[in-house]
Amino acid sequence: MKKSDVLVVGAGPVGLVGALILAKAGLSVTMLEKRGQLNQVSKASTFHSPTLKVFNEIGIYERFAQDAVHVDRQQFRTPERILGELKFDLLKNQTDFPFRKHLEQSILTAILLDELRAYPAFNIEFDTEFQSIKTNDGSQVVVVAKNKSHGTQEYGSRYLLATDGAHSSVRNALEIPTETKEYTGHVVRVRTDDSLLTYLPDLGPITYMAQNPYSISYLQMPDCWRVILRAEPGVTEEESLTDDWILKRMQALIPSMEQLPTIIGKDIYQPSMQIATANKIKNILLCGDSLHLTNTRGGMNMNAGIHDAYEIANAIIHTIQESDEAILDAAAAHRLHVAREILIPRTDKMVSNVDEWMAQVQTMFKDEELSRAYLSKASMLDMVTI
């Protein structure tokens, strides 16, 4: 049996952040990843202020920031005009990082893994899939995993972090129920390496454009723009991926667009909500998507997962140092509270009537305190103890 202080199942950004915190504290960490390499698929890309603070604390911020797009404001517009902008600088008295950054998740995970490889007590095993829990008696967790080349192997650890996604095999093995909800319609994400400034002069690095019943989000990335379109119920996934549908939807809000910009990638996803009813069973803890899944508006779910890993990993360190399991119990309870009582309700509320939302936004341009309060919540500053 292979032994370590902590076993991490799942090598996404959440698991890798947790592993790096633990390794930096001198703990031995084994990570199991069912894929043959880190996931290269284009996924989450927004990093909020508390997450940037985590990156700074664990020593990867400078490396991360040199590749990322710096986002200093949110812009709101209709097809006819810019309604206004909210500048993150309003948060300068609340955080050392009054901005957000945009970068592909896959670049972050590569940075994290590279940092982790400097620690001899860290080991990652690719092509190794979690199978079952053999023991979880409060002092040791023993799991069985299967490697594509070497067959089954037992892994023993004091703690296990389950960071293996929305369909978490660890959560399922623990038989932890989830509460779920699917939203109507689906989301189409288009990537273009053409400059959208040709069609929308002065476009902000994060811009929300709306005119009932349609809305589009624009996110500037280092090498492209992400264009987020929302397909209403009745539009099939196949139809919404066609150039014809994408062009017509974009023309509804950009009438001057005569042809599509160059598309370098497109995909769809079904927004949904999921929350586990528990996140700690003896010495096994759920973080990230295995605990919570939200709709993508606001880019909060991955950030919340990184905050889970930060708080839980630090609690594991202090629990071991002080021989006080109450420290970890309190951290787990706090992360479950944040997910259930703040994260889920906030992201659920974002799926609302376009006209109502835009009217609410416009009141903020006239009131600095309302703007600051909005940006503070949009930056997740009330969801963390970081």
# chains A, B, ... in the order shown; residues from 1 in each chain; ligands from 1

$ residues_around --residues "range 17-20 of chain A" --least-positions-apart "2" --cutoff "9 Å" --atoms "only C-alpha atoms" --output "PyMOL selection string"
chain A and resi 6-8+12-15+22-25+29-31+54-55+58+109+112-113+115-116+119+122+161+306+308-314

$ select_by_dssp --residues "range 235-267 of chain A" --states "helix (DSSP H, G or I)" --output "list in words"
Glu237, Glu238, Glu239, Ser240, Asp243, Asp244, Trp245, Ile246, Leu247, Lys248, Arg249, Met250, Gln251, Ala252 and Leu253 of chain A

$ residues_around --residues "Val188 in chain A" --least-positions-apart "6" --cutoff "10 Å" --atoms "only C-alpha atoms" --output "MDAnalysis selection string"
chainID A and resid 227:231 237 240:241 246 266:270

$ write_last_selection --atoms "C-alpha atoms" --output "PDB file, in the first residue's frame"
ATOM      1  CA  VAL A 227     -18.403  35.422 -26.593  1.00  0.00           C
ATOM      2  CA  ILE A 228     -21.095  33.895 -24.395  1.00  0.00           C
ATOM      3  CA  LEU A 229     -24.528  33.483 -26.000  1.00  0.00           C
ATOM      4  CA  ARG A 230     -27.619  32.134 -24.279  1.00  0.00           C
ATOM      5  CA  ALA A 231     -29.986  29.938 -26.269  1.00  0.00           C
ATOM      6  CA  GLU A 237     -27.893  22.211 -29.337  1.00  0.00           C
ATOM      7  CA  SER A 240     -27.086  26.727 -31.794  1.00  0.00           C
ATOM      8  CA  LEU A 241     -23.669  25.506 -32.911  1.00  0.00           C
ATOM      9  CA  ILE A 246     -24.525  32.308 -34.049  1.00  0.00           C
ATOM     10  CA  LYS A 266     -17.138  26.810 -29.951  1.00  0.00           C
ATOM     11  CA  ASP A 267     -18.913  24.596 -27.483  1.00  0.00           C
ATOM     12  CA  ILE A 268     -22.097  24.390 -25.441  1.00  0.00           C
ATOM     13  CA  TYR A 269     -22.975  23.608 -21.868  1.00  0.00           C
ATOM     14  CA  GLN A 270     -26.147  23.227 -19.859  1.00  0.00           C
TER      15      GLN A 270
END

$ closest_atom_pairs --of "range 322-374 of chain A" --to "range 285-296 of chain A" --cutoff "9 Å" --atoms "only C-alpha atoms" --output "JSON lines"
{"residue": "A:Ala332", "atom": "CA", "partner": "A:Leu285", "partner_atom": "CA", "distance": 7.6}
{"residue": "A:Arg335", "atom": "CA", "partner": "A:Cys287", "partner_atom": "CA", "distance": 8.6}
{"residue": "A:Leu336", "atom": "CA", "partner": "A:Leu291", "partner_atom": "CA", "distance": 8.0}
{"residue": "A:Ala339", "atom": "CA", "partner": "A:His292", "partner_atom": "CA", "distance": 6.6}
{"residue": "A:Arg340", "atom": "CA", "partner": "A:His292", "partner_atom": "CA", "distance": 8.3}
{"residue": "A:Leu343", "atom": "CA", "partner": "A:Thr294", "partner_atom": "CA", "distance": 8.0}
{"residue": "A:Ile344", "atom": "CA", "partner": "A:Thr294", "partner_atom": "CA", "distance": 6.4}
{"residue": "A:Thr347", "atom": "CA", "partner": "A:Asn295", "partner_atom": "CA", "distance": 6.4}
{"residue": "A:Asp348", "atom": "CA", "partner": "A:Asn295", "partner_atom": "CA", "distance": 7.1}
{"residue": "A:Met350", "atom": "CA", "partner": "A:Asn295", "partner_atom": "CA", "distance": 8.6}
{"residue": "A:Val351", "atom": "CA", "partner": "A:Asn295", "partner_atom": "CA", "distance": 8.2}

$ write_last_selection --atoms "N, CA and C atoms" --output "mmCIF file, in the first residue's frame"
data_model
loop_
_atom_site.group_PDB
_atom_site.id
_atom_site.type_symbol
_atom_site.label_atom_id
_atom_site.label_comp_id
_atom_site.auth_asym_id
_atom_site.auth_seq_id
_atom_site.Cartn_x
_atom_site.Cartn_y
_atom_site.Cartn_z
ATOM 1 N N ALA A 332 -14.708 22.952 7.472
ATOM 2 C CA ALA A 332 -15.633 22.256 6.577
ATOM 3 C C ALA A 332 -17.035 22.834 6.701
ATOM 4 N N ARG A 335 -17.214 26.184 4.831
ATOM 5 C CA ARG A 335 -17.275 26.084 3.373
ATOM 6 C C ARG A 335 -18.630 25.564 2.901
ATOM 7 N N LEU A 336 -19.247 24.670 3.649
ATOM 8 C CA LEU A 336 -20.584 24.202 3.286
ATOM 9 C C LEU A 336 -21.595 25.335 3.437
ATOM 10 N N ALA A 339 -21.186 27.747 0.474
ATOM 11 C CA ALA A 339 -21.743 27.187 -0.755
ATOM 12 C C ALA A 339 -23.261 27.233 -0.748
ATOM 13 N N ARG A 340 -23.848 26.814 0.358
ATOM 14 C CA ARG A 340 -25.305 26.690 0.423
ATOM 15 C C ARG A 340 -26.008 28.029 0.607
ATOM 16 N N LEU A 343 -23.118 31.293 -2.099
ATOM 17 C CA LEU A 343 -22.757 31.020 -3.496
ATOM 18 C C LEU A 343 -23.960 30.609 -4.337
ATOM 19 N N ILE A 344 -24.677 29.584 -3.898
ATOM 20 C CA ILE A 344 -25.811 29.074 -4.683
ATOM 21 C C ILE A 344 -26.908 30.127 -4.835
ATOM 22 N N THR A 347 -25.661 33.031 -7.350
ATOM 23 C CA THR A 347 -25.570 32.656 -8.759
ATOM 24 C C THR A 347 -26.934 32.278 -9.319
ATOM 25 N N ASP A 348 -27.796 31.746 -8.471
ATOM 26 C CA ASP A 348 -29.145 31.420 -8.917
ATOM 27 C C ASP A 348 -29.918 32.693 -9.267
ATOM 28 N N MET A 350 -28.726 35.353 -10.455
ATOM 29 C CA MET A 350 -28.209 35.976 -11.678
ATOM 30 C C MET A 350 -28.982 35.542 -12.919
ATOM 31 N N VAL A 351 -29.691 34.433 -12.830
ATOM 32 C CA VAL A 351 -30.513 33.983 -13.955
ATOM 33 C C VAL A 351 -31.862 34.674 -13.818
#

$ residues_around --residues "Glu129 in chain A" --least-positions-apart "2" --cutoff "7 Å" --atoms "only C-alpha atoms" --output "PyMOL selection string"
chain A and resi 32-34+127+131+145-147

$ write_last_selection --atoms "N, CA and C atoms" --output "PDB file, in the first residue's frame"
ATOM      1  N   LEU A  32      -4.163  11.557  -7.422  1.00  0.00           N
ATOM      2  CA  LEU A  32      -4.615  10.610  -8.429  1.00  0.00           C
ATOM      3  C   LEU A  32      -5.429  11.340  -9.484  1.00  0.00           C
ATOM      4  N   GLU A  33      -5.107  11.128 -10.735  1.00  0.00           N
ATOM      5  CA  GLU A  33      -5.817  11.753 -11.853  1.00  0.00           C
ATOM      6  C   GLU A  33      -6.146  10.680 -12.880  1.00  0.00           C
ATOM      7  N   LYS A  34      -7.439  10.562 -13.213  1.00  0.00           N
ATOM      8  CA  LYS A  34      -7.860   9.503 -14.125  1.00  0.00           C
ATOM      9  C   LYS A  34      -7.426   9.752 -15.568  1.00  0.00           C
ATOM     10  N   ASP A 127      -3.529   8.557 -15.259  1.00  0.00           N
ATOM     11  CA  ASP A 127      -4.170   7.304 -15.713  1.00  0.00           C
ATOM     12  C   ASP A 127      -4.566   6.425 -14.544  1.00  0.00           C
ATOM     13  N   GLN A 131     -11.487   3.962  -7.367  1.00  0.00           N
ATOM     14  CA  GLN A 131     -12.459   2.883  -7.496  1.00  0.00           C
ATOM     15  C   GLN A 131     -13.389   2.787  -6.286  1.00  0.00           C
ATOM     16  N   ALA A 145      -7.586   2.229  -6.153  1.00  0.00           N
ATOM     17  CA  ALA A 145      -7.591   2.923  -7.438  1.00  0.00           C
ATOM     18  C   ALA A 145      -6.993   1.999  -8.491  1.00  0.00           C
ATOM     19  N   LYS A 146      -7.342   2.277  -9.746  1.00  0.00           N
ATOM     20  CA  LYS A 146      -6.881   1.429 -10.842  1.00  0.00           C
ATOM     21  C   LYS A 146      -6.095   2.248 -11.847  1.00  0.00           C
ATOM     22  N   ASN A 147      -4.867   1.807 -12.084  1.00  0.00           N
ATOM     23  CA  ASN A 147      -4.016   2.435 -13.095  1.00  0.00           C
ATOM     24  C   ASN A 147      -4.132   1.653 -14.401  1.00  0.00           C
TER      25      ASN A 147
END

$ residues_around --residues "Arg81 in chain A" --least-positions-apart "3" --cutoff "10 Å" --atoms "only C-alpha atoms" --output "VMD selection string"
chain A and resid 76 to 78 84 200 209

$ residues_around --residues "Gln37 in chain A" --least-positions-apart "2" --cutoff "7 Å" --atoms "only C-alpha atoms" --output "PyMOL selection string"
chain A and resi 35+39+126

$ write_last_selection --atoms "C-alpha atoms" --output "CSV table (one decimal), in the first residue's frame"
chain,number,residue,atom,x,y,z
A,35,ARG,CA,-6.7,11.3,-17.3
A,39,ASN,CA,-7.2,18.6,-18.7
A,126,PHE,CA,-1.9,9.9,-14.1

$ closest_residue --among "A:Leu86, A:Ala378, A:Val190, A:Ala210" --to "Arg226 in chain A" --atoms "only C-alpha atoms"
A:Val190

$ closest_residue --among "A:Gly138, A:Gly165, A:Pro213, A:Gly36" --to "Gly10 in chain A" --atoms "only C-alpha atoms"
A:Gly165

$ atom_distance --atom1 "CA of Ser106 in chain A" --atom2 "CA of Ser149 in chain A"
25.3 Å

$ decode --residues "range 150-198 of chain A" --atoms "C-alpha atoms" --output "CSV table (one decimal), in the first residue's frame"
chain,number,residue,atom,x,y,z
A,150,HIS,CA,-0.3,-1.3,-13.5
A,151,GLY,CA,-3.8,-2.5,-12.3
A,152,THR,CA,-5.3,-1.9,-8.9
A,153,GLN,CA,-3.4,-0.4,-6.0
A,154,GLU,CA,-4.3,0.6,-2.4
A,155,TYR,CA,-3.5,4.1,-1.1
A,156,GLY,CA,-3.5,5.0,2.5
A,157,SER,CA,-3.6,8.5,4.0
A,158,ARG,CA,-4.6,10.5,7.0
A,159,TYR,CA,-6.9,12.7,5.0
A,160,LEU,CA,-8.5,12.6,1.5
A,161,LEU,CA,-9.5,15.6,-0.5
A,162,ALA,CA,-12.1,14.8,-3.2
A,163,THR,CA,-11.7,17.3,-5.9
A,164,ASP,CA,-12.9,15.1,-8.7
A,165,GLY,CA,-15.6,17.2,-10.2
A,166,ALA,CA,-19.4,17.4,-10.5
A,167,HIS,CA,-19.8,13.6,-11.0
A,168,SER,CA,-17.4,12.9,-8.1
A,169,SER,CA,-16.7,9.2,-7.7
A,170,VAL,CA,-15.6,9.8,-4.1
A,171,ARG,CA,-18.9,11.6,-3.3
A,172,ASN,CA,-20.8,8.8,-4.9
A,173,ALA,CA,-18.8,6.1,-3.0
A,174,LEU,CA,-19.7,7.9,0.2
A,175,GLU,CA,-23.4,8.0,-0.9
A,176,ILE,CA,-23.7,11.7,-0.2
A,177,PRO,CA,-26.9,13.0,-1.8
A,178,THR,CA,-27.0,16.1,-3.9
A,179,GLU,CA,-29.7,18.7,-4.5
A,180,THR,CA,-29.8,19.6,-8.2
A,181,LYS,CA,-31.6,22.0,-10.5
A,182,GLU,CA,-31.3,22.6,-14.3
A,183,TYR,CA,-31.9,26.0,-15.8
A,184,THR,CA,-33.9,26.4,-19.0
A,185,GLY,CA,-32.0,26.8,-22.3
A,186,HIS,CA,-28.3,26.3,-22.7
A,187,VAL,CA,-25.2,28.4,-23.2
A,188,VAL,CA,-23.0,28.7,-26.4
A,189,ARG,CA,-19.4,29.7,-25.9
A,190,VAL,CA,-17.6,31.1,-29.0
A,191,ARG,CA,-13.9,32.0,-29.2
A,192,THR,CA,-12.6,34.3,-31.9
A,193,ASP,CA,-9.1,35.7,-32.4
A,194,ASP,CA,-10.4,38.7,-34.4
A,195,SER,CA,-10.6,42.0,-32.6
A,196,LEU,CA,-14.2,42.7,-31.6
A,197,LEU,CA,-13.3,46.4,-31.3
A,198,THR,CA,-14.0,46.5,-35.1
